[in-house]
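A short write-up of the structure that comes next.
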Amino acid sequence: MVVVPNAARAHAAGPETDVTSASREAVTSGRTSLGIELGSTRIKACLIGPDHTPIANGSHDWENQLVDGVWTYSLEDVWAGLQSAVADLFADVQRQYGVRPTTFGAIGVSAMMHGYLAFDSEDRLLVPFRTWRNTSTGRAAAELTELLGHNIPLRWSIAHLYQAVLDDEPHVPDVRFVTTLAGYVHWQLTGRRVLGVGDASGMFPIDPATRGYDKEMLAAVDGLLATHRRLEPGLALDALLPQVLCAGEEAGNLTPEGAALLDPTGSLRAGIPLCPPEGDAGTGMVATSSVAPRTGNVSAGTSIFAMVVLERPLAHVHHELDVVTTPAGDPVAMVHCNNGASELDAWVGLFREFALRSGHGSSSDEVFGTLFRAALEGEADGGGLLAYNYLAGEPVTGLESGRPLVVRTPGSSLTLPTFMRASIYGAFATLSLGMRVLTAEGVGLDAMFAHGGVFRTAGVAQRFLAAAIGAPVAVGRTAGEGGAWGIAVLAAYLTSGAEQDLGEYLRTRVFAGADLDVVEPDAADVAGFAAYLDRYQAGLAVERAATLAL
């Protein structure tokens with residue numbers, strides 16, 4: 001869910017001279033905030049006004065590449081995509097307001113969390129960027145989890161670094177700096193090697209008391225690394241990682257070189273302040289005002305993950321749960337599933353192709369909506385169908401690789417509505433397994449806020465998610481700009497609200513009066529999903545067999 005202020009609806013509804021004039025004045029005077037988020041399939045730029053309303057946006061589509069068995073994006077594509085998204089935003093501003101931005105009040109950068117970007121003493125990239133999607137760090141993650149008594153998932157940056165040490169990779173002795181994608185972009189724009197605490201918490205465990213890296217755990221890992229004698233002797237892990245900052249802290253200013261990277265035309269001025277760079281999980285929390293205890297959010301995209309802000313520490317270590325933080329540094333339990341809505345998107349694409357070949361030209365959104373609404377008529381338990389959305393490995397269920405599957409029994413109900421319901425259930429099934437672990441820990445949840453493309457069709461995915469997690473699910477009636485809007489809000493918080501607690505700032509200045517659609521779990525859906533999930537767990541043996549055979 002992304003809820004934008006009521007003023008956004010007036011702007012979206014049609015041209016209003018006073019709104020347009022106010023937005024133009026905000027652009028020309030630099031009283032705006034720019035948010036940029038590098039997602040897994042799209043780079044988005046969102047410009048907001050002083051009231052946090054989106055006034056312009058831009059985007060650029062991109063895709064990760066599987067190169068030599070590694071999921072990656074090239075740095076050339078990073079900058080080409082950023083420049084394209086910013087240029088698209090500038091064009092949108094010019095089209096709406098007849099002016100071109102030359103400055104902003106503040107800028108924020110967000111990106112996919114985790115992964116591995118390693119640089120040498122000359123700031124050269126040592127190996128291609130290893131994204132969160134890679135699952136080749138099993139031994140490292142297991143050893144670090146045992147050493148620290150803290151779950152270290154496969155995708156965390158420290159797992160990637162230690163796996164490179166275990167594998168005796170040639171580049172390891174030259175490593176002098178490790179960061180995330182958001183940290184890298186921010187570094188190039190400002191010269192500052194810093195990271196927001198939420199993103200940093202996906203690199204290495206954070207001490208909730210200091211809101212910095214846990215010093216005892218740093219010392220333990222330093223000792224472990226020393227036994228392998230691969231890193232530069234005497235080089236402490238703390239020196240390799242970015243400095244940790246909390247929301248609202250000063251994180252540097254746009255340099256002339258950075259301005260040229262964002263806008264090669266030369267019209268963008270240097271000197272603009274930047275907020276701490278954050279991960280997509282943190283910006284999702286901001287974009288849904290889910291930073292207080294007993295609140296949480298689900299973000300559904302290429303991956304799907306749930307974030308629940310904790311009232312107290314977890315009693316046990318669980319491989320299904322990460323412990324990360326909000327952008328303010330408060331502990332969060334995260335259920336992260338590598339596989340989200342991509343397989344659903346593929347099926348929608350197949351049905352759209354059929355529609356086009358049948359002479360019925362329909363947009364992707366129309367086909368998407370038609371199929372999702374049909375799912376409401378499907379059998380509540382999936383009718384004997386199972387859908388596995390595993391394009392990649394899935395740590396929550398212990399799979400190192402994935403094979404998308406649709407499995408059914410001979411007596412199953414193969415109708416379009418039931419097929420679509422089973423497919424949407426499949427997108428939420430692994431998340432539900434992780435949420436069960438949270439429930440067993442006694443973690444309280446008052447409501448879950450949801451955002452992502454699967455929630456655009458009103459009352460479908462939202463209803464099924466409520467059944468999957470057994471809690472009310474709230475979705476905003478007006479879609480904003482997702483994580484790009486969230487990081488733009490954090491940029492605004494840097495300049496206009498840092499004297500307030502982040503939760504209070506969001507509650508009183510960003511989300512006051514926001515409209516929500518809240519769906520309670522339906523008893524029939526809950527029972528149906530539970531039956532589906534039991535079959536789903538039993539059928540994981542089929543998924544494992546497929547990964548071995550194909």
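Identifiers in the structure tokens: chain A, B, ... in order shown; residue index from 1 per chain; ligand index from 1 in order shown.
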List the neighbours of A:Leu550 out to 12 Å using only C-alpha atoms; skip same-chain residues closer than 2 positions along the sequence, and give me the result as a compact mmCIF listing (two decimals) with C-alpha atoms, in the first residue's frame.
# COMPACT_ATOMS: atom_id res chain seq x y z
CA SER A 401 17.05 -23.32 -7.18
CA GLY A 402 13.53 -23.17 -8.54
CA ARG A 403 11.30 -24.50 -11.32
CA PRO A 404 7.89 -22.87 -11.84
CA LEU A 405 5.25 -25.62 -11.67
CA VAL A 542 7.63 -32.40 -6.27
CA GLU A 543 9.33 -29.02 -6.58
CA ARG A 544 12.57 -30.45 -5.21
CA ALA A 545 12.41 -33.36 -7.62
CA ALA A 546 11.91 -30.95 -10.51
CA THR A 547 15.02 -28.97 -9.59
CA LEU A 548 17.03 -32.21 -9.63
Quiz prompt | Those of stretch 274-373 of chain A in DSSP strand (DSSP E), formatted as a list of chain:residue names | solution =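 Answer for stretch 274-373 of chain A, restricted to strand (DSSP E): A:Glu278, A:Gly279, A:Thr295, A:Gly296, A:Asn297, A:Val298, A:Ser299, A:Ala300, A:Ile304, A:Phe305, A:Ala306, A:Met307, A:Val308, A:Val309, A:Asp322, A:Val323, A:Val324, A:Thr325, A:Pro331, A:Val332, A:Ala333, A:Met334, A:Val335, A:His336, A:Cys337.
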Requested write-out: N, CA and C atoms of the selected residues, as a PDB file, in the first residue's frame:
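Resulting contents of again17.pdb:
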ATOM      1  N   GLU A 278      18.755   4.259   1.396  1.00  0.00           N
ATOM      2  CA  GLU A 278      18.013   3.181   2.055  1.00  0.00           C
ATOM      3  C   GLU A 278      17.717   2.023   1.105  1.00  0.00           C
ATOM      4  N   GLY A 279      17.317   0.908   1.699  1.00  0.00           N
ATOM      5  CA  GLY A 279      16.893  -0.247   0.934  1.00  0.00           C
ATOM      6  C   GLY A 279      15.406  -0.198   0.648  1.00  0.00           C
ATOM      7  N   THR A 295       2.884  -2.812  13.673  1.00  0.00           N
ATOM      8  CA  THR A 295       2.495  -2.521  12.300  1.00  0.00           C
ATOM      9  C   THR A 295       3.435  -3.273  11.374  1.00  0.00           C
ATOM     10  N   GLY A 296       2.975  -3.488  10.156  1.00  0.00           N
ATOM     11  CA  GLY A 296       3.817  -4.183   9.188  1.00  0.00           C
ATOM     12  C   GLY A 296       3.345  -3.896   7.789  1.00  0.00           C
ATOM     13  N   ASN A 297       4.133  -4.322   6.826  1.00  0.00           N
ATOM     14  CA  ASN A 297       3.730  -4.152   5.434  1.00  0.00           C
ATOM     15  C   ASN A 297       4.222  -5.313   4.596  1.00  0.00           C
ATOM     16  N   VAL A 298       3.505  -5.564   3.543  1.00  0.00           N
ATOM     17  CA  VAL A 298       3.894  -6.566   2.550  1.00  0.00           C
ATOM     18  C   VAL A 298       4.168  -5.837   1.246  1.00  0.00           C
ATOM     19  N   SER A 299       5.318  -6.117   0.659  1.00  0.00           N
ATOM     20  CA  SER A 299       5.684  -5.569  -0.638  1.00  0.00           C
ATOM     21  C   SER A 299       5.764  -6.725  -1.624  1.00  0.00           C
ATOM     22  N   ALA A 300       4.991  -6.641  -2.692  1.00  0.00           N
ATOM     23  CA  ALA A 300       4.941  -7.722  -3.674  1.00  0.00           C
ATOM     24  C   ALA A 300       5.440  -7.222  -5.018  1.00  0.00           C
ATOM     25  N   ILE A 304       8.785 -11.081  -2.759  1.00  0.00           N
ATOM     26  CA  ILE A 304       7.704 -10.658  -1.879  1.00  0.00           C
ATOM     27  C   ILE A 304       8.208 -10.762  -0.453  1.00  0.00           C
ATOM     28  N   PHE A 305       7.981  -9.729   0.329  1.00  0.00           N
ATOM     29  CA  PHE A 305       8.452  -9.779   1.710  1.00  0.00           C
ATOM     30  C   PHE A 305       7.505  -9.029   2.629  1.00  0.00           C
ATOM     31  N   ALA A 306       7.514  -9.489   3.872  1.00  0.00           N
ATOM     32  CA  ALA A 306       6.717  -8.847   4.925  1.00  0.00           C
ATOM     33  C   ALA A 306       7.661  -8.295   5.969  1.00  0.00           C
ATOM     34  N   MET A 307       7.342  -7.117   6.484  1.00  0.00           N
ATOM     35  CA  MET A 307       8.103  -6.466   7.532  1.00  0.00           C
ATOM     36  C   MET A 307       7.169  -6.203   8.701  1.00  0.00           C
ATOM     37  N   VAL A 308       7.534  -6.683   9.886  1.00  0.00           N
ATOM     38  CA  VAL A 308       6.715  -6.460  11.083  1.00  0.00           C
ATOM     39  C   VAL A 308       7.596  -5.826  12.155  1.00  0.00           C
ATOM     40  N   VAL A 309       7.228  -4.642  12.624  1.00  0.00           N
ATOM     41  CA  VAL A 309       8.010  -3.937  13.630  1.00  0.00           C
ATOM     42  C   VAL A 309       7.784  -4.612  14.982  1.00  0.00           C
ATOM     43  N   ASP A 322      14.554 -12.752   8.987  1.00  0.00           N
ATOM     44  CA  ASP A 322      15.657 -11.810   9.166  1.00  0.00           C
ATOM     45  C   ASP A 322      15.270 -10.860  10.296  1.00  0.00           C
ATOM     46  N   VAL A 323      16.261 -10.365  11.012  1.00  0.00           N
ATOM     47  CA  VAL A 323      16.028  -9.252  11.919  1.00  0.00           C
ATOM     48  C   VAL A 323      16.755  -8.051  11.327  1.00  0.00           C
ATOM     49  N   VAL A 324      15.983  -7.093  10.844  1.00  0.00           N
ATOM     50  CA  VAL A 324      16.531  -5.884  10.236  1.00  0.00           C
ATOM     51  C   VAL A 324      15.991  -4.692  11.015  1.00  0.00           C
ATOM     52  N   THR A 325      15.978  -3.506  10.433  1.00  0.00           N
ATOM     53  CA  THR A 325      15.482  -2.336  11.163  1.00  0.00           C
ATOM     54  C   THR A 325      14.663  -1.428  10.260  1.00  0.00           C
ATOM     55  N   PRO A 331      14.001  -2.425  15.625  1.00  0.00           N
ATOM     56  CA  PRO A 331      14.063  -3.800  15.115  1.00  0.00           C
ATOM     57  C   PRO A 331      12.792  -4.222  14.375  1.00  0.00           C
ATOM     58  N   VAL A 332      13.002  -4.989  13.323  1.00  0.00           N
ATOM     59  CA  VAL A 332      11.927  -5.467  12.455  1.00  0.00           C
ATOM     60  C   VAL A 332      12.188  -6.934  12.124  1.00  0.00           C
ATOM     61  N   ALA A 333      11.152  -7.746  12.166  1.00  0.00           N
ATOM     62  CA  ALA A 333      11.238  -9.117  11.661  1.00  0.00           C
ATOM     63  C   ALA A 333      10.812  -9.111  10.204  1.00  0.00           C
ATOM     64  N   MET A 334      11.642  -9.696   9.363  1.00  0.00           N
ATOM     65  CA  MET A 334      11.404  -9.681   7.924  1.00  0.00           C
ATOM     66  C   MET A 334      11.283 -11.106   7.412  1.00  0.00           C
ATOM     67  N   VAL A 335      10.192 -11.382   6.730  1.00  0.00           N
ATOM     68  CA  VAL A 335      10.033 -12.641   6.009  1.00  0.00           C
ATOM     69  C   VAL A 335      10.262 -12.316   4.541  1.00  0.00           C
ATOM     70  N   HIS A 336      11.372 -12.763   4.003  1.00  0.00           N
ATOM     71  CA  HIS A 336      11.737 -12.427   2.626  1.00  0.00           C
ATOM     72  C   HIS A 336      11.679 -13.672   1.761  1.00  0.00           C
ATOM     73  N   CYS A 337      10.873 -13.609   0.720  1.00  0.00           N
ATOM     74  CA  CYS A 337      10.746 -14.714  -0.229  1.00  0.00           C
ATOM     75  C   CYS A 337      11.319 -14.263  -1.573  1.00  0.00           C
TER      76      CYS A 337
END
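Using only C-alpha atoms, the smallest distance between any of A:Pro101, A:Pro170, A:Pro472, A:Gly115 and A:Leu445 comes from A:Pro472.
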Quiz item: Per DSSP on the backbone, what are the alpha helix (DSSP H) residues of stretch 4-162 of chain A, as number ranges by chain?
Solution: A: 6-13, 17-29, 75-97, 138-148, 157-162
Keeping only C-alpha atoms, write the selected residues to a file as a PDB file, in the first residue's frame.
ATOM      1  CA  ASN A   6      -5.575  14.035  -0.103  1.00  0.00           C
ATOM      2  CA  ALA A   7      -4.059  16.850  -2.140  1.00  0.00           C
ATOM      3  CA  ALA A   8      -2.714  14.248  -4.544  1.00  0.00           C
ATOM      4  CA  ARG A   9      -6.224  13.236  -5.517  1.00  0.00           C
ATOM      5  CA  ALA A  10      -7.115  16.803  -6.458  1.00  0.00           C
ATOM      6  CA  HIS A  11      -4.028  17.002  -8.652  1.00  0.00           C
ATOM      7  CA  ALA A  12      -4.647  13.615 -10.251  1.00  0.00           C
ATOM      8  CA  ALA A  13      -8.310  14.327 -10.936  1.00  0.00           C
ATOM      9  CA  THR A  17      -4.759  26.260 -11.813  1.00  0.00           C
ATOM     10  CA  ASP A  18      -3.925  26.790  -8.146  1.00  0.00           C
ATOM     11  CA  VAL A  19      -2.405  23.320  -7.749  1.00  0.00           C
ATOM     12  CA  THR A  20      -0.439  23.592 -10.993  1.00  0.00           C
ATOM     13  CA  SER A  21       0.790  27.058 -10.079  1.00  0.00           C
ATOM     14  CA  ALA A  22       1.861  25.953  -6.614  1.00  0.00           C
ATOM     15  CA  SER A  23       3.726  22.967  -8.033  1.00  0.00           C
ATOM     16  CA  ARG A  24       5.470  25.146 -10.619  1.00  0.00           C
ATOM     17  CA  GLU A  25       6.560  27.555  -7.896  1.00  0.00           C
ATOM     18  CA  ALA A  26       7.855  24.665  -5.772  1.00  0.00           C
ATOM     19  CA  VAL A  27       9.895  23.383  -8.726  1.00  0.00           C
ATOM     20  CA  THR A  28      11.401  26.754  -9.611  1.00  0.00           C
ATOM     21  CA  SER A  29      12.229  27.594  -5.989  1.00  0.00           C
ATOM     22  CA  LEU A  75      27.252  -0.600 -13.488  1.00  0.00           C
ATOM     23  CA  GLU A  76      26.882   0.826 -16.986  1.00  0.00           C
ATOM     24  CA  ASP A  77      23.212  -0.162 -16.881  1.00  0.00           C
ATOM     25  CA  VAL A  78      22.875   1.413 -13.428  1.00  0.00           C
ATOM     26  CA  TRP A  79      23.919   4.822 -14.696  1.00  0.00           C
ATOM     27  CA  ALA A  80      22.170   4.595 -18.058  1.00  0.00           C
ATOM     28  CA  GLY A  81      18.972   3.655 -16.240  1.00  0.00           C
ATOM     29  CA  LEU A  82      19.292   6.388 -13.627  1.00  0.00           C
ATOM     30  CA  GLN A  83      19.869   9.026 -16.281  1.00  0.00           C
ATOM     31  CA  SER A  84      16.919   7.735 -18.296  1.00  0.00           C
ATOM     32  CA  ALA A  85      14.563   7.809 -15.286  1.00  0.00           C
ATOM     33  CA  VAL A  86      15.677  11.310 -14.265  1.00  0.00           C
ATOM     34  CA  ALA A  87      15.377  12.578 -17.843  1.00  0.00           C
ATOM     35  CA  ASP A  88      11.878  11.093 -17.996  1.00  0.00           C
ATOM     36  CA  LEU A  89      10.983  12.928 -14.777  1.00  0.00           C
ATOM     37  CA  PHE A  90      12.419  16.205 -16.056  1.00  0.00           C
ATOM     38  CA  ALA A  91      10.340  15.799 -19.227  1.00  0.00           C
ATOM     39  CA  ASP A  92       7.239  15.189 -17.096  1.00  0.00           C
ATOM     40  CA  VAL A  93       7.919  18.391 -15.140  1.00  0.00           C
ATOM     41  CA  GLN A  94       8.409  20.336 -18.378  1.00  0.00           C
ATOM     42  CA  ARG A  95       5.218  18.895 -19.844  1.00  0.00           C
ATOM     43  CA  GLN A  96       3.077  19.691 -16.788  1.00  0.00           C
ATOM     44  CA  TYR A  97       4.547  22.974 -15.579  1.00  0.00           C
ATOM     45  CA  GLY A 138      24.810 -21.530   1.877  1.00  0.00           C
ATOM     46  CA  ARG A 139      27.939 -22.581   3.759  1.00  0.00           C
ATOM     47  CA  ALA A 140      28.851 -19.012   4.703  1.00  0.00           C
ATOM     48  CA  ALA A 141      25.345 -18.169   5.912  1.00  0.00           C
ATOM     49  CA  ALA A 142      25.154 -21.348   8.003  1.00  0.00           C
ATOM     50  CA  GLU A 143      28.555 -20.832   9.654  1.00  0.00           C
ATOM     51  CA  LEU A 144      27.895 -17.168  10.402  1.00  0.00           C
ATOM     52  CA  THR A 145      24.449 -17.919  11.837  1.00  0.00           C
ATOM     53  CA  GLU A 146      25.963 -20.532  14.175  1.00  0.00           C
ATOM     54  CA  LEU A 147      28.832 -18.245  15.174  1.00  0.00           C
ATOM     55  CA  LEU A 148      26.674 -15.198  15.908  1.00  0.00           C
ATOM     56  CA  SER A 157      26.355  -8.866   2.167  1.00  0.00           C
ATOM     57  CA  ILE A 158      28.436 -10.462   4.935  1.00  0.00           C
ATOM     58  CA  ALA A 159      27.395 -13.913   3.675  1.00  0.00           C
ATOM     59  CA  HIS A 160      28.599 -12.990   0.185  1.00  0.00           C
ATOM     60  CA  LEU A 161      31.921 -11.709   1.512  1.00  0.00           C
ATOM     61  CA  TYR A 162      32.559 -14.722   3.715  1.00  0.00           C
TER      62      TYR A 162
END
Self-check item: Pairwise distance for atom CA of A:Val172 and atom CA of A:Leu225, rounded to one decimal in Å
Solution: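 One can read the atom CA of A:Val172 to atom CA of A:Leu225 distance as 11.2 Å.
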Quiz item: Out of A:Glu504, A:Glu249, A:Glu63, A:Glu400, which residue has the shortest atom-to-atom distance to A:Gly196 when counting only C-alpha atoms?
Solution: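 Of all the options, A:Glu249 lies closest to A:Gly196.
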Practice problem: Could you tell me which of A:Phe455, A:Thr326, A:Val510, A:Gln65 comes closest to A:Pro208 if we count only C-alpha atoms? | Solution: A:Thr326
Practice problem: Skip A:Asp501 itself and residues of its chain fewer than 6 positions away, then list as a list of chain:residue names all residues within 10 Å of it, counting only C-alpha atoms. | Solution: A:Ala247, A:Gly248, A:Ala328, A:Tyr493, A:Arg507
Writing out the chosen residues with C-alpha atoms as a PDB file, in the first residue's frame:
ATOM      1  CA  ALA A 247      16.770   8.764   8.996  1.00  0.00           C
ATOM      2  CA  GLY A 248      17.125  12.522   9.332  1.00  0.00           C
ATOM      3  CA  ALA A 328      15.064   4.970  12.270  1.00  0.00           C
ATOM      4  CA  TYR A 493      12.260  14.462   6.443  1.00  0.00           C
ATOM      5  CA  ARG A 507       1.556  10.101  11.190  1.00  0.00           C
TER       6      ARG A 507
END
Do you have, as JSON lines, the list of residues of stretch 119-202 of chain A lying at most 10 Å from stretch 375-399 of chain A, each with its nearest atom pair and that distance in Å to one decimal, counting only C-alpha atoms and ordered by chain then number?
{"residue": "A:Arg133", "atom": "CA", "partner": "A:Ala392", "partner_atom": "CA", "distance": 7.4}
{"residue": "A:Asn134", "atom": "CA", "partner": "A:Gly393", "partner_atom": "CA", "distance": 8.1}
{"residue": "A:Thr135", "atom": "CA", "partner": "A:Gly393", "partner_atom": "CA", "distance": 6.5}
{"residue": "A:Ser136", "atom": "CA", "partner": "A:Gly393", "partner_atom": "CA", "distance": 9.6}
{"residue": "A:Gly138", "atom": "CA", "partner": "A:Pro395", "partner_atom": "CA", "distance": 9.4}
{"residue": "A:Pro153", "atom": "CA", "partner": "A:Pro395", "partner_atom": "CA", "distance": 8.0}
{"residue": "A:Leu154", "atom": "CA", "partner": "A:Pro395", "partner_atom": "CA", "distance": 7.5}
{"residue": "A:Arg155", "atom": "CA", "partner": "A:Pro395", "partner_atom": "CA", "distance": 9.4}
Would you mind exporting the chosen residues as a short mmCIF file (atom, residue, chain, number, x, y, z; two decimals), in the first residue's frame, restricted to C-alpha atoms?
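After the write, result.cif holds the following:
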data_model
loop_
_atom_site.label_atom_id
_atom_site.label_comp_id
_atom_site.auth_asym_id
_atom_site.auth_seq_id
_atom_site.Cartn_x
_atom_site.Cartn_y
_atom_site.Cartn_z
CA ARG A 133 18.76 -13.13 -5.85
CA ASN A 134 21.90 -15.26 -5.67
CA THR A 135 21.68 -18.29 -3.37
CA SER A 136 25.25 -19.58 -3.59
CA GLY A 138 24.81 -21.53 1.88
CA PRO A 153 20.37 -15.15 5.31
CA LEU A 154 21.96 -16.19 2.02
CA ARG A 155 21.51 -12.77 0.43
#
